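Structure file protein_14.pdb (PDB, C-alpha atoms, pLDDT in the B column) is printed below.
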MODEL        1
ATOM      1  CA  MET A   1       0.000   0.000   0.000  1.00 96.00           C
ATOM      2  CA  ARG A   2       1.197   3.509  -0.792  1.00 96.00           C
ATOM      3  CA  ILE A   3      -0.291   6.540   0.956  1.00 97.00           C
ATOM      4  CA  VAL A   4       0.289   9.440  -1.433  1.00 95.00           C
ATOM      5  CA  SER A   5      -1.717  11.845   0.713  1.00 94.00           C
ATOM      6  CA  ASN A   6      -4.077  11.533   3.636  1.00 96.00           C
ATOM      7  CA  GLY A   7      -5.170  14.465   5.760  1.00 95.00           C
ATOM      8  CA  SER A   8      -4.721  18.198   5.549  1.00 90.00           C
ATOM      9  CA  LYS A   9      -0.933  18.411   5.633  1.00 87.00           C
ATOM     10  CA  TRP A  10       1.747  20.940   4.823  1.00 83.00           C
ATOM     11  CA  ALA A  11       4.341  19.962   2.232  1.00 82.00           C
ATOM     12  CA  GLY A  12       6.780  17.525   3.768  1.00 83.00           C
ATOM     13  CA  GLU A  13       4.539  16.393   6.647  1.00 90.00           C
ATOM     14  CA  GLU A  14       3.815  12.686   7.002  1.00 94.00           C
ATOM     15  CA  PRO A  15       0.329  11.684   5.810  1.00 95.00           C
ATOM     16  CA  ASP A  16      -2.180  10.335   8.306  1.00 96.00           C
ATOM     17  CA  SER A  17      -2.589   6.602   8.743  1.00 97.00           C
ATOM     18  CA  LEU A  18      -5.299   4.546   7.095  1.00 97.00           C
ATOM     19  CA  GLU A  19      -6.924   4.217  10.532  1.00 97.00           C
ATOM     20  CA  LYS A  20      -7.320   8.010  10.734  1.00 97.00           C
ATOM     21  CA  LEU A  21      -9.051   8.021   7.337  1.00 98.00           C
ATOM     22  CA  LEU A  22     -11.450   5.336   8.587  1.00 98.00           C
ATOM     23  CA  GLU A  23     -12.299   7.572  11.579  1.00 98.00           C
ATOM     24  CA  VAL A  24     -13.016  10.548   9.325  1.00 98.00           C
ATOM     25  CA  LEU A  25     -15.084   8.410   6.927  1.00 98.00           C
ATOM     26  CA  GLY A  26     -17.201   7.391   9.909  1.00 97.00           C
ATOM     27  CA  SER A  27     -17.947  10.944  11.010  1.00 97.00           C
ATOM     28  CA  GLU A  28     -17.758  13.276   7.988  1.00 98.00           C
ATOM     29  CA  THR A  29     -19.587  13.382   4.644  1.00 98.00           C
ATOM     30  CA  LEU A  30     -17.655  12.758   1.448  1.00 98.00           C
ATOM     31  CA  ASP A  31     -17.743  15.526  -1.166  1.00 96.00           C
ATOM     32  CA  PRO A  32     -19.908  14.288  -4.077  1.00 95.00           C
ATOM     33  CA  ARG A  33     -17.833  16.262  -6.598  1.00 92.00           C
ATOM     34  CA  PHE A  34     -15.377  13.372  -6.474  1.00 91.00           C
ATOM     35  CA  ASP A  35     -18.030  11.034  -7.884  1.00 85.00           C
ATOM     36  CA  GLU A  36     -17.195  12.633 -11.227  1.00 80.00           C
ATOM     37  CA  HIS A  37     -13.617  11.332 -10.933  1.00 77.00           C
ATOM     38  CA  GLY A  38     -14.164   7.633 -10.429  1.00 77.00           C
ATOM     39  CA  GLY A  39     -16.511   7.556  -7.457  1.00 84.00           C
ATOM     40  CA  PHE A  40     -13.752   7.511  -4.813  1.00 96.00           C
ATOM     41  CA  VAL A  41     -12.634   3.955  -5.692  1.00 95.00           C
ATOM     42  CA  THR A  42     -10.897   3.283  -9.004  1.00 94.00           C
ATOM     43  CA  ARG A  43      -9.516  -0.026 -10.177  1.00 92.00           C
ATOM     44  CA  THR A  44      -6.206   0.931 -11.809  1.00 88.00           C
ATOM     45  CA  SER A  45      -5.380  -2.620 -12.946  1.00 85.00           C
ATOM     46  CA  ALA A  46      -6.558  -6.163 -12.288  1.00 83.00           C
ATOM     47  CA  ALA A  47      -4.866  -6.206  -8.903  1.00 87.00           C
ATOM     48  CA  ARG A  48      -4.563  -2.516  -7.934  1.00 96.00           C
ATOM     49  CA  VAL A  49      -7.058   0.002  -6.585  1.00 96.00           C
ATOM     50  CA  ARG A  50      -6.863   3.721  -5.821  1.00 96.00           C
ATOM     51  CA  ILE A  51      -9.046   5.502  -3.284  1.00 97.00           C
ATOM     52  CA  PHE A  52      -9.158   9.241  -3.765  1.00 96.00           C
ATOM     53  CA  GLY A  53     -11.310  12.113  -2.554  1.00 97.00           C
ATOM     54  CA  ASN A  54     -12.078  14.735   0.049  1.00 97.00           C
ATOM     55  CA  PHE A  55     -14.885  15.673   2.382  1.00 97.00           C
ATOM     56  CA  LEU A  56     -17.702  18.182   2.147  1.00 95.00           C
ATOM     57  CA  THR A  57     -17.005  20.345   5.211  1.00 95.00           C
ATOM     58  CA  VAL A  58     -13.581  19.150   6.417  1.00 95.00           C
ATOM     59  CA  SER A  59     -10.365  19.271   4.429  1.00 94.00           C
ATOM     60  CA  HIS A  60      -8.923  15.756   4.612  1.00 96.00           C
ATOM     61  CA  VAL A  61      -7.867  14.843   1.093  1.00 96.00           C
ATOM     62  CA  PHE A  62      -6.880  11.224   0.565  1.00 97.00           C
ATOM     63  CA  ASN A  63      -5.080   9.438  -2.247  1.00 96.00           C
ATOM     64  CA  ILE A  64      -4.083   5.876  -1.398  1.00 97.00           C
ATOM     65  CA  GLU A  65      -3.034   3.077  -3.734  1.00 97.00           C
ATOM     66  CA  GLY A  66      -2.999  -0.620  -2.913  1.00 97.00           C
ATOM     67  CA  THR A  67      -4.757  -3.881  -3.492  1.00 96.00           C
ATOM     68  CA  GLU A  68      -8.335  -4.704  -2.580  1.00 93.00           C
ATOM     69  CA  GLU A  69      -6.885  -7.048   0.046  1.00 95.00           C
ATOM     70  CA  GLU A  70      -5.029  -4.104   1.651  1.00 97.00           C
ATOM     71  CA  LEU A  71      -7.944  -1.649   1.494  1.00 97.00           C
ATOM     72  CA  PRO A  72     -11.175  -3.573   2.192  1.00 97.00           C
ATOM     73  CA  GLU A  73     -12.133  -1.553   5.282  1.00 98.00           C
ATOM     74  CA  ALA A  74     -11.557   1.741   3.480  1.00 98.00           C
ATOM     75  CA  ILE A  75     -13.546   0.650   0.419  1.00 97.00           C
ATOM     76  CA  GLU A  76     -16.389  -0.528   2.658  1.00 98.00           C
ATOM     77  CA  ALA A  77     -16.306   2.741   4.668  1.00 98.00           C
ATOM     78  CA  ILE A  78     -16.438   4.792   1.463  1.00 98.00           C
ATOM     79  CA  GLU A  79     -19.442   2.816   0.218  1.00 97.00           C
ATOM     80  CA  ALA A  80     -21.190   3.203   3.589  1.00 98.00           C
ATOM     81  CA  ASN A  81     -20.504   6.953   3.569  1.00 98.00           C
ATOM     82  CA  LYS A  82     -22.009   7.210   0.071  1.00 96.00           C
ATOM     83  CA  GLN A  83     -25.180   5.530   1.370  1.00 97.00           C
ATOM     84  CA  SER A  84     -25.531   7.971   4.280  1.00 97.00           C
ATOM     85  CA  GLU A  85     -28.298  10.575   4.442  1.00 97.00           C
ATOM     86  CA  GLY A  86     -25.684  13.355   4.599  1.00 96.00           C
ATOM     87  CA  TYR A  87     -24.105  12.231   1.349  1.00 96.00           C
ATOM     88  CA  LYS A  88     -27.470  11.874  -0.386  1.00 94.00           C
ATOM     89  CA  ARG A  89     -28.423  15.416   0.708  1.00 94.00           C
ATOM     90  CA  ALA A  90     -25.083  16.726  -0.563  1.00 94.00           C
ATOM     91  CA  GLN A  91     -25.693  15.049  -3.930  1.00 91.00           C
ATOM     92  CA  ILE A  92     -29.135  16.637  -4.206  1.00 87.00           C
ATOM     93  CA  GLY A  93     -27.749  20.041  -3.253  1.00 82.00           C
ATOM     94  CA  ARG A  94     -24.968  19.750  -5.824  1.00 78.00           C
ATOM     95  CA  ALA A  95     -27.384  18.682  -8.563  1.00 74.00           C
ATOM     96  CA  SER A  96     -29.647  21.603  -7.688  1.00 75.00           C
ATOM     97  CA  ARG A  97     -26.760  24.110  -7.852  1.00 73.00           C
ATOM     98  CA  LEU A  98     -25.555  22.682 -11.163  1.00 66.00           C
ATOM     99  CA  GLY A  99     -29.063  22.912 -12.609  1.00 65.00           C
ATOM    100  CA  ARG A 100     -29.318  26.592 -11.641  1.00 55.00           C
ATOM    101  CA  LYS A 101     -25.936  27.325 -13.224  1.00 54.00           C
ATOM    102  CA  ARG A 102     -27.007  25.705 -16.508  1.00 49.00           C
ATOM    103  CA  LEU A 103     -30.165  27.832 -16.584  1.00 43.00           C
ATOM    104  CA  SER A 104     -28.249  31.099 -16.118  1.00 42.00           C
TER     105      SER A 104
ENDMDL
END
If you took the structure in this file and wrote it as structure tokens, what would it be?
Amino acid sequence: MRIVSNGSKWAGEEPDSLEKLLEVLGSETLDPRFDEHGGFVTRTSAARVRIFGNFLTVSHVFNIEGTEEELPEAIEAIEANKQSEGYKRAQIGRASRLGRKRLS
């Protein structure tokens, strides 16, 4: 597993652990804008996966590469977050804002 970035860090600071990301996924809503870039989980090859995204109201960007065997808890937590009421409301709000922009 390779943690490219995880958390709101200054250049040169160590990224947060995978466990910290799991905590944030359990308490904060993902930003639905990242659905447009692979839906937070992208299979990069037959054996590799990349999880990437940020949150709606908290800056905690994450970009982690590994195998599905290394990242099952994170993938499951992302999917659970996307099923949450907060995420569904954020999706509706985003769609509404985009619709108004297209009409202007």
**OP:** Might you pull out every residue within 12 Å of Leu25 in chain A, with only C-alpha atoms counted and same-chain residues fewer than 6 positions away left off, and present them as an NGL selection string?
**Re:** :A and (6-7 or 18-19 or 31 or 40 or 53-56 or 58 or 60-62 or 73-84 or 86-87)
Subject >> For Leu22 in chain A, the nearest of the candidates A:Val41, A:Ala95, A:Ile3, A:Leu71, counting only C-alpha atoms >> reply: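 The answer is A:Leu71, which sits nearest to Leu22 in chain A.
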**OP:** Write out as an MDAnalysis selection string which residues come within 9 Å of Glu65 in chain A when counting all atoms listed in the file, dropping same-chain ones fewer than 6 positions away.
**Re:** chainID A and resid 1:4 44 48:52 71
Original post:
If you measure from CA of Ala47 in chain A to CA of Thr29 in chain A, what distance in Å do you get, rounded to one decimal?
Top reply: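 For CA of Ala47 in chain A relative to CA of Thr29 in chain A, the distance reads 28.0 Å.
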Find the axis-aligned box for range 65-77 of chain A, covering all its listed atoms and adding 6 Å on each side, and write its centre and edge lengths in Å to one decimal as JSON.
{"center_x": -9.7, "center_y": -2.0, "center_z": 0.8, "size_x": 25.4, "size_y": 22.1, "size_z": 21.0}
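Taking CA of Ala90 in chain A as the reference point, CA of Leu30 in chain A is found at 8.7 Å.
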